[in-house]
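> Structure incoming, see below.
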Amino acid sequence: MAVKDRDRFSTATRIKLLGEQTAARVYRSQTKRQARRSRLTGRAALLALVLCTLIVALAYPMRQYVSQRAEVADLQREKQQASERVQQLRDLKARWQDDAYAEQQIRQRLHYVLPGETGYIVIDPDAARQSRARLGATDRPWYANVWDGVDSSDASGQ
């Protein structure tokens, strides 16, 4: 036992023990570094790069697809409105083909009367004044605005 105790405290044994401890520490630090580094491998980086490339490559065609679908929906809506307008015009044309409707519209719009009838147009003086008062400067012809300006300047001079 004395030889064993003496070997335990010998310089060679101590250096050997220190070397083993140091090697164990280095091995542990390397495995920790490898464990931290191994989270993002080369394959994962390549996969992320491929996914990003696909996203960038597909972004423009998808935007075009969505805008074209919206344009198609707008055109379909316009087509529906145009077909409704065509139907309204066909109905109006059919009404004008009826002689009674045409006669009614001619009497109402053009103030025509049949032979032997007397036509009257009643004019309400208050309504005429109100309609003239409602007309603004932009609704009247330019010469009416000029004449009103002359009248108003003449009236203020007195």
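All residue names refer to the structure tokens as shown: chains lettered A, B, ... in order, residues numbered from 1 in each chain, ligands numbered from 1 in order.
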Could you go through chain A and tell me which residues DSSP, when run on the backbone, assigns to alpha helix (DSSP H), listing them as a PyMOL selection string?
chain A and resi 2-8+11-37+42-97+99-110+125-134+142-156
> Please produce a file of those selected residues containing C-alpha atoms, as a compact mmCIF listing (two decimals), in the first residue's frame.

# COMPACT_ATOMS: atom_id res chain seq x y z
CA ALA A 2 2.81 2.29 0.63
CA VAL A 3 3.77 2.01 -3.02
CA LYS A 4 0.23 2.86 -4.07
CA ASP A 5 0.06 5.91 -1.80
CA ARG A 6 3.41 7.01 -3.02
CA ASP A 7 2.24 6.65 -6.67
CA ARG A 8 -0.86 8.65 -5.85
CA THR A 11 4.39 14.06 -9.91
CA ALA A 12 3.74 11.81 -12.84
CA THR A 13 0.45 10.66 -11.38
CA ARG A 14 -0.60 14.22 -10.62
CA ILE A 15 0.23 15.37 -14.17
CA LYS A 16 -1.62 12.39 -15.59
CA LEU A 17 -4.66 13.17 -13.39
CA LEU A 18 -4.56 16.88 -14.35
CA GLY A 19 -4.34 15.91 -18.04
CA GLU A 20 -7.37 13.66 -17.73
CA GLN A 21 -9.35 16.38 -15.96
CA THR A 22 -8.37 18.95 -18.56
CA ALA A 23 -9.27 16.59 -21.38
CA ALA A 24 -12.65 15.97 -19.78
CA ARG A 25 -13.28 19.73 -19.50
CA VAL A 26 -12.28 20.30 -23.13
CA TYR A 27 -14.48 17.41 -24.27
CA ARG A 28 -17.44 18.80 -22.30
CA SER A 29 -16.97 22.33 -23.72
CA GLN A 30 -16.71 20.94 -27.26
CA THR A 31 -19.89 18.90 -26.89
CA LYS A 32 -21.72 21.96 -25.53
CA ARG A 33 -20.55 24.02 -28.49
CA GLN A 34 -21.56 21.31 -30.88
CA ALA A 35 -24.95 21.01 -29.20
CA ARG A 36 -25.50 24.75 -29.58
CA ARG A 37 -24.27 24.75 -33.19
CA GLY A 42 -26.57 22.94 -43.30
CA ARG A 43 -29.68 21.07 -44.41
CA ALA A 44 -31.95 23.34 -42.39
CA ALA A 45 -30.26 26.43 -43.82
CA LEU A 46 -30.65 25.06 -47.36
CA LEU A 47 -34.31 24.25 -46.70
CA ALA A 48 -34.93 27.78 -45.38
CA LEU A 49 -33.20 29.24 -48.44
CA VAL A 50 -35.31 27.12 -50.81
CA LEU A 51 -38.54 28.11 -49.00
CA CYS A 52 -37.66 31.80 -49.13
CA THR A 53 -36.85 31.50 -52.83
CA LEU A 54 -40.18 29.80 -53.51
CA ILE A 55 -42.07 32.48 -51.59
CA VAL A 56 -40.35 35.25 -53.50
CA ALA A 57 -40.85 33.46 -56.82
CA LEU A 58 -44.57 32.89 -56.20
CA ALA A 59 -45.40 36.31 -54.74
CA TYR A 60 -45.77 38.13 -58.07
CA PRO A 61 -47.86 35.46 -59.84
CA MET A 62 -50.18 35.22 -56.83
CA ARG A 63 -50.64 38.98 -56.81
CA GLN A 64 -51.43 38.88 -60.52
CA TYR A 65 -53.89 36.05 -59.99
CA VAL A 66 -55.74 37.92 -57.25
CA SER A 67 -55.91 41.14 -59.28
CA GLN A 68 -57.16 39.27 -62.35
CA ARG A 69 -59.85 37.54 -60.29
CA ALA A 70 -60.99 40.95 -59.04
CA GLU A 71 -61.02 42.26 -62.61
CA VAL A 72 -63.07 39.27 -63.76
CA ALA A 73 -65.58 39.90 -60.97
CA ASP A 74 -65.85 43.57 -62.01
CA LEU A 75 -66.40 42.61 -65.64
CA GLN A 76 -69.09 40.11 -64.68
CA ARG A 77 -70.84 42.79 -62.63
CA GLU A 78 -70.67 45.21 -65.58
CA LYS A 79 -72.02 42.52 -67.87
CA GLN A 80 -74.95 41.94 -65.52
CA GLN A 81 -75.70 45.68 -65.39
CA ALA A 82 -75.48 45.94 -69.19
CA SER A 83 -77.87 43.04 -69.66
CA GLU A 84 -80.32 44.65 -67.21
CA ARG A 85 -80.06 47.92 -69.16
CA VAL A 86 -80.68 46.07 -72.45
CA GLN A 87 -83.77 44.48 -70.93
CA GLN A 88 -85.04 47.89 -69.78
CA LEU A 89 -84.49 49.33 -73.25
CA ARG A 90 -86.32 46.38 -74.84
CA ASP A 91 -89.25 46.97 -72.49
CA LEU A 92 -89.26 50.68 -73.38
CA LYS A 93 -89.13 49.85 -77.10
CA ALA A 94 -92.05 47.48 -76.67
CA ARG A 95 -94.04 50.21 -74.87
CA TRP A 96 -93.33 52.68 -77.66
CA GLN A 97 -94.69 50.13 -80.15
CA ASP A 99 -100.06 53.38 -80.06
CA ALA A 100 -101.83 54.35 -76.83
CA TYR A 101 -98.54 54.82 -74.97
CA ALA A 102 -97.02 56.80 -77.84
CA GLU A 103 -100.09 59.06 -77.99
CA GLN A 104 -99.96 59.62 -74.23
CA GLN A 105 -96.27 60.56 -74.35
CA ILE A 106 -96.79 62.88 -77.34
CA ARG A 107 -99.60 64.70 -75.56
CA GLN A 108 -97.65 64.98 -72.33
CA ARG A 109 -94.21 65.91 -73.66
CA LEU A 110 -95.00 67.89 -76.79
CA PRO A 125 -96.46 82.97 -61.67
CA ASP A 126 -95.11 82.00 -58.23
CA ALA A 127 -93.49 78.88 -59.64
CA ALA A 128 -91.79 80.93 -62.38
CA ARG A 129 -90.35 83.35 -59.81
CA GLN A 130 -89.14 80.50 -57.61
CA SER A 131 -87.46 78.74 -60.51
CA ARG A 132 -85.64 81.95 -61.49
CA ALA A 133 -84.59 82.53 -57.87
CA ARG A 134 -83.27 78.98 -57.61
CA TRP A 142 -73.30 84.17 -69.28
CA TYR A 143 -75.10 87.12 -70.79
CA ALA A 144 -77.75 86.96 -68.03
CA ASN A 145 -74.99 87.21 -65.44
CA VAL A 146 -73.47 90.20 -67.26
CA TRP A 147 -76.83 91.96 -67.49
CA ASP A 148 -77.54 91.36 -63.79
CA GLY A 149 -74.14 92.82 -62.98
CA VAL A 150 -74.94 95.94 -65.01
CA ASP A 151 -78.35 96.28 -63.30
CA SER A 152 -76.91 95.87 -59.82
CA SER A 153 -74.13 98.42 -60.45
CA ASP A 154 -76.67 100.86 -61.86
CA ALA A 155 -78.96 100.39 -58.83
CA SER A 156 -76.15 100.97 -56.31
> Quote the spacing between atom CA of A:Asp98 and atom CA of A:Glu117 in Å to one decimal place.
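Going from atom CA of A:Asp98 over to atom CA of A:Glu117, I get 22.4 Å.
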